[in-house]
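Have a look at the structure below before the remarks.
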Amino acid sequence: MMEVFTGSFTQQEPICEEGIAAAVEVMRHGRLHRYNTAVGEISHTALVEEEFAALTGAKYALAVASGGYAIGAALRAAGVQHGDRVLTNAFTLAPVPGAIASVGGIPDLVEVTEDLVIDLGHLEAKAATGQSKYLLLSHMRGHICDMDRLMAICTAHGITVIEDCAHTMGATFKGIQSGRHGLIGCYSTQTYKHMNSGEGGFLVTDDAETMARAIILSGSYMLYERHRAAPPPEVFEQVKYITPNISGRMDNLRAAILRPQIAALPERIDGWNARYTRVKEGLSNCPGLRTIEHHEDAAQVGSSIQFLLPDWPAEKVTDLLTCCAKRGVELKWFGKAEPVAFTSRYDSWQYFASEKLPNTDRILAGLIDMRLPLTFSLSDCDLIARIIREEVSVLYQAA
């Protein structure tokens with residue numbers, strides 16, 4: 001009898017009791033807006049910014065309404081203007097090029113490697129043209145490239161780096177937190193990310209003027225002195241009249257839910273990485289399947305796992321998804337011609353013109369993605385790996 005997995009790939013852990021209690025307290029007093037405080041009170045949003053800055057080692061942090069908003073605000077704060085070309089990964093999620101388009105920028109896509117990181121050779125060639133002065137680097141699905149080489153390329157060509165760390169909150173490269181190499185790091189606290197407030201996000205930087213612009217952009221009005229992980233008031237004087245208000249604040253309810261999760265993040269990372277290791281080990285050396293290798297200096301957060309089906313025809317990939325689904329294993333395919341849920345190819349983003357990217361096309365054609373929620377046990381992970389391995393083996397042998 002075939003084994004079947006009966007768990008859910010979208011069920012997250014419950015909010016901890018401390019977060020629930022703090023959220024209930026906020027609802028009872030009704031002061032949900034971040035600037036609505038009682039005399040002598042410090043808002044949860046101001047406090048979560050301080051705590052997130054400490055987590056990442058940044059001087060300044062800003063809590064906002066979503067990870068996508070964080071990226072858009074970061075691009076504006078960094079100086080991206082209408083018509084500017086912004087380099088970014090061809091393999092990412094749609095909100096990344098969407099954020100570039102939202103500020104009037106033009107995405108300039110860079111190839112991906114078989115280890116699902118930005119192709120640094122292609123990046124260097126594009127940087128050398130001088131057409132782009134910004135890189136929005138997406139650490140897509142938690143895969144971190146050689147950040148030393150990337151930063152050397154960008155520094156040599158005068159390119160400002162903004163990091164999308166939606167999938168790498170708590171990950172490091174040579175011990176440095178993801179998001180701390182470029183000018184700005186952006187993070188998401190959407191339900192399926194590493195901290196869960198339903199929607200939400202952060203951006204961090206050490207640059208005082210950049211953060212002052214971001215805070216005003218977020219809708220601070222002239223209440224920026226109520227921020228604690230922020231530059232001094234005199235920095236705001238330089239930018240407060242020339243920076244538009246594009247409101248996207250985080251509220252105290254979401255901040256209250258998030259604060260206990262910051263302290264719990266290291267333990268949660270250990271949990272994700274244990275699950276990732278079990279599934280990867282279960283899939284290793286499976287004929288017809290290639291697992292992904294990480295840079296030796298990168299410490300990831302394995303909240304999802306990817307593998308490649310090199311040179312598989314599209315109909316066989318579809319068969320694999322169908323067979324695994326019948327056994328309770330939900331796989332996503334980034335090579336499908338039409339977007340499904342969060343998966344899409346770069347040629348789906350038709351609001352800008354892109355050159356063909358043959359290496360990316362080849363890789364996405366066989367790229368499979370799977371979530372690893374902490375609600376899975378390690379034995380669940382072993383079972384899932386066995387199911388995938390069995391189905392891959394049957395279809396590969398039949399090819």
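Just so we're on the same page: first chain in the structure tokens is A, next is B, and so on; residues restart at 1 for each chain, and ligands are numbered from 1 in the order they show up.
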
- Tell me, which residues of segment 91-329 of chain A carry DSSP helix (DSSP H, G or I), written as a VMD selection string? chain A and resid 95 to 102 120 to 128 140 to 142 147 to 156 208 to 217 224 to 226 233 to 237 252 to 283 314 to 326

- Message: I need the strand (DSSP E or B) residues of segment 153-217 of chain A per DSSP on the backbone, written as an MDAnalysis selection string.
- Response: chainID A and resid 160:164 172:173 176:177 184:188 201:205

Nearby residues (only C-alpha atoms) at most 10 Å from Glu49 of chain A, same-chain spacing under 3 positions excluded, as a compact mmCIF listing (two decimals) with N, CA and C atoms, in the first residue's frame:
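The result, written out as part_39.txt:
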# COMPACT_ATOMS: atom_id res chain seq x y z
N HIS A 44 4.00 49.78 20.87
CA HIS A 44 4.57 48.50 20.49
C HIS A 44 5.36 48.62 19.18
N THR A 45 4.89 49.48 18.28
CA THR A 45 5.57 49.61 16.99
C THR A 45 6.95 50.23 17.16
N ALA A 46 7.06 51.25 18.00
CA ALA A 46 8.37 51.84 18.26
C ALA A 46 9.30 50.83 18.92
N PHE A 52 13.99 44.89 16.46
CA PHE A 52 14.41 44.34 15.18
C PHE A 52 15.76 44.91 14.76
N ALA A 53 16.00 46.17 15.05
CA ALA A 53 17.32 46.74 14.78
C ALA A 53 18.41 45.98 15.55
N ALA A 54 18.12 45.65 16.80
CA ALA A 54 19.08 44.88 17.59
C ALA A 54 19.31 43.49 17.01
N LEU A 55 18.24 42.86 16.55
CA LEU A 55 18.35 41.53 15.94
C LEU A 55 19.29 41.55 14.75
N TYR A 60 19.25 51.59 12.46
CA TYR A 60 17.89 52.08 12.33
C TYR A 60 16.99 51.00 11.74
N ALA A 61 15.72 51.01 12.17
CA ALA A 61 14.73 50.08 11.63
C ALA A 61 13.38 50.78 11.54
N LEU A 62 12.61 50.39 10.55
CA LEU A 62 11.27 50.94 10.35
C LEU A 62 10.31 49.79 10.10
N ALA A 63 9.19 49.76 10.85
CA ALA A 63 8.16 48.74 10.68
C ALA A 63 7.07 49.28 9.75
N VAL A 64 6.70 48.47 8.76
CA VAL A 64 5.75 48.92 7.74
C VAL A 64 4.67 47.87 7.49
N PHE A 202 9.69 45.08 7.53
CA PHE A 202 10.68 45.99 8.12
C PHE A 202 11.66 46.41 7.03
N LEU A 203 12.27 47.56 7.23
CA LEU A 203 13.49 47.88 6.50
C LEU A 203 14.51 48.42 7.50
N VAL A 204 15.79 48.11 7.23
CA VAL A 204 16.87 48.52 8.13
C VAL A 204 17.98 49.17 7.31
N HIS A 227 9.73 57.90 16.95
CA HIS A 227 10.50 56.72 16.58
C HIS A 227 11.75 56.65 17.45
N ARG A 228 12.12 55.44 17.83
CA ARG A 228 13.28 55.27 18.70
C ARG A 228 14.48 54.69 17.92
N ALA A 229 14.24 53.76 17.00
CA ALA A 229 15.32 53.21 16.18
C ALA A 229 15.48 54.08 14.94
N ALA A 230 15.74 55.37 15.15
CA ALA A 230 15.67 56.38 14.09
C ALA A 230 16.78 57.40 14.27
N ALA A 255 2.51 44.81 15.64
CA ALA A 255 3.77 44.92 16.36
C ALA A 255 3.74 44.11 17.66
N ARG A 259 6.56 41.08 18.54
CA ARG A 259 7.67 41.28 19.48
C ARG A 259 8.15 39.98 20.13

- Query: What lies within 6 Å of segment 158-169 of chain A using only C-alpha atoms, ignoring chain neighbours under 5 positions off, as a list in words?
  - Reply: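 Result of the neighbour search: Lys133, Tyr134, Leu135, Leu136, Leu137, Ser138, His139, Arg141, Gly142, Gly179, Gly182, Leu183, Ile184, Gly185, Cys186, Tyr187 and Ser188 of chain A.
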
- Item | Using only C-alpha atoms: which of A:Ala128, A:Leu253, A:Val26, A:Leu75 has the shortest distance to Ala38 of chain A |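 For Ala38 of chain A, the nearest of the candidates is A:Val26.
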
- Query: What does the distance from atom CA of Lys336 of chain A to atom CA of Leu367 of chain A come to in Å, to one decimal?
  - Reply: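 One can read the atom CA of Lys336 of chain A to atom CA of Leu367 of chain A distance as 9.5 Å.
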
Would you list the contacts of Val112 of chain A as a short mmCIF file (atom, residue, chain, number, x, y, z; two decimals) with C-alpha atoms, in the first residue's frame, taking every protein, DNA or RNA residue within 9 Å and counting only C-alpha atoms, but skipping same-chain residues closer than 3 positions in sequence?
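Saved the output as selection.cif:
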data_model
loop_
_atom_site.label_atom_id
_atom_site.label_comp_id
_atom_site.auth_asym_id
_atom_site.auth_seq_id
_atom_site.Cartn_x
_atom_site.Cartn_y
_atom_site.Cartn_z
CA ASN A 89 17.08 38.55 -10.19
CA ALA A 90 15.12 36.92 -13.00
CA PHE A 91 14.15 34.21 -10.48
CA ASP A 115 22.02 26.87 -7.20
CA LEU A 116 19.23 29.47 -7.52
CA VAL A 117 21.33 32.55 -6.79
CA ILE A 118 21.95 35.55 -8.99
CA ASP A 119 24.51 34.85 -11.73
CA LEU A 120 27.45 37.04 -10.73
CA HIS A 122 25.96 38.09 -15.83
CA LEU A 357 17.38 34.61 -20.49
CA ASN A 359 19.92 29.86 -18.55
CA THR A 360 17.04 31.01 -16.39
CA ILE A 363 16.49 26.16 -14.83
#

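By only C-alpha atoms, and with residues fewer than 3 positions from Pro107 of chain A along its chain excluded, the set lying at most 8 Å from it is Arg85, Val86, Leu87, Thr88, Pro97, Ile100, Ala101 and Phe352 of chain A.
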
Resulting file, chosen residues, N, CA and C atoms, as a compact mmCIF listing (two decimals), in the first residue's frame:
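Generated file (part_26.txt):
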# COMPACT_ATOMS: atom_id res chain seq x y z
N ARG A 85 16.84 52.32 -14.48
CA ARG A 85 16.92 50.87 -14.60
C ARG A 85 17.43 50.30 -13.28
N VAL A 86 16.78 49.24 -12.82
CA VAL A 86 17.15 48.60 -11.55
C VAL A 86 17.40 47.13 -11.82
N LEU A 87 18.63 46.69 -11.61
CA LEU A 87 18.97 45.28 -11.76
C LEU A 87 18.26 44.45 -10.70
N THR A 88 17.83 43.26 -11.08
CA THR A 88 17.24 42.35 -10.10
C THR A 88 17.25 40.93 -10.68
N PRO A 97 9.91 42.69 -8.90
CA PRO A 97 9.83 43.62 -10.04
C PRO A 97 8.65 44.57 -9.91
N ILE A 100 9.74 47.65 -8.13
CA ILE A 100 10.51 48.52 -9.02
C ILE A 100 9.55 49.32 -9.91
N ALA A 101 8.58 48.63 -10.51
CA ALA A 101 7.61 49.31 -11.36
C ALA A 101 6.79 50.34 -10.59
N PHE A 352 6.93 45.32 -18.43
CA PHE A 352 8.21 45.84 -18.91
C PHE A 352 8.79 44.83 -19.90

- Task: Would you please work out which residue, of A:His294, A:Arg386, A:Lys174, A:Lys193, is nearest to Leu258 of chain A when using only C-alpha atoms?
- Result: A:Lys193

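Reported to one decimal place, the separation of atom CA of Phe236 of chain A from atom CA of Tyr224 of chain A is 8.0 Å.
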
- Query: Which residues come within 9 Å of Arg180 of chain A, counting only C-alpha atoms, excluding same-chain residues fewer than 6 positions away, as a count of residues only?
  - Reply: 7
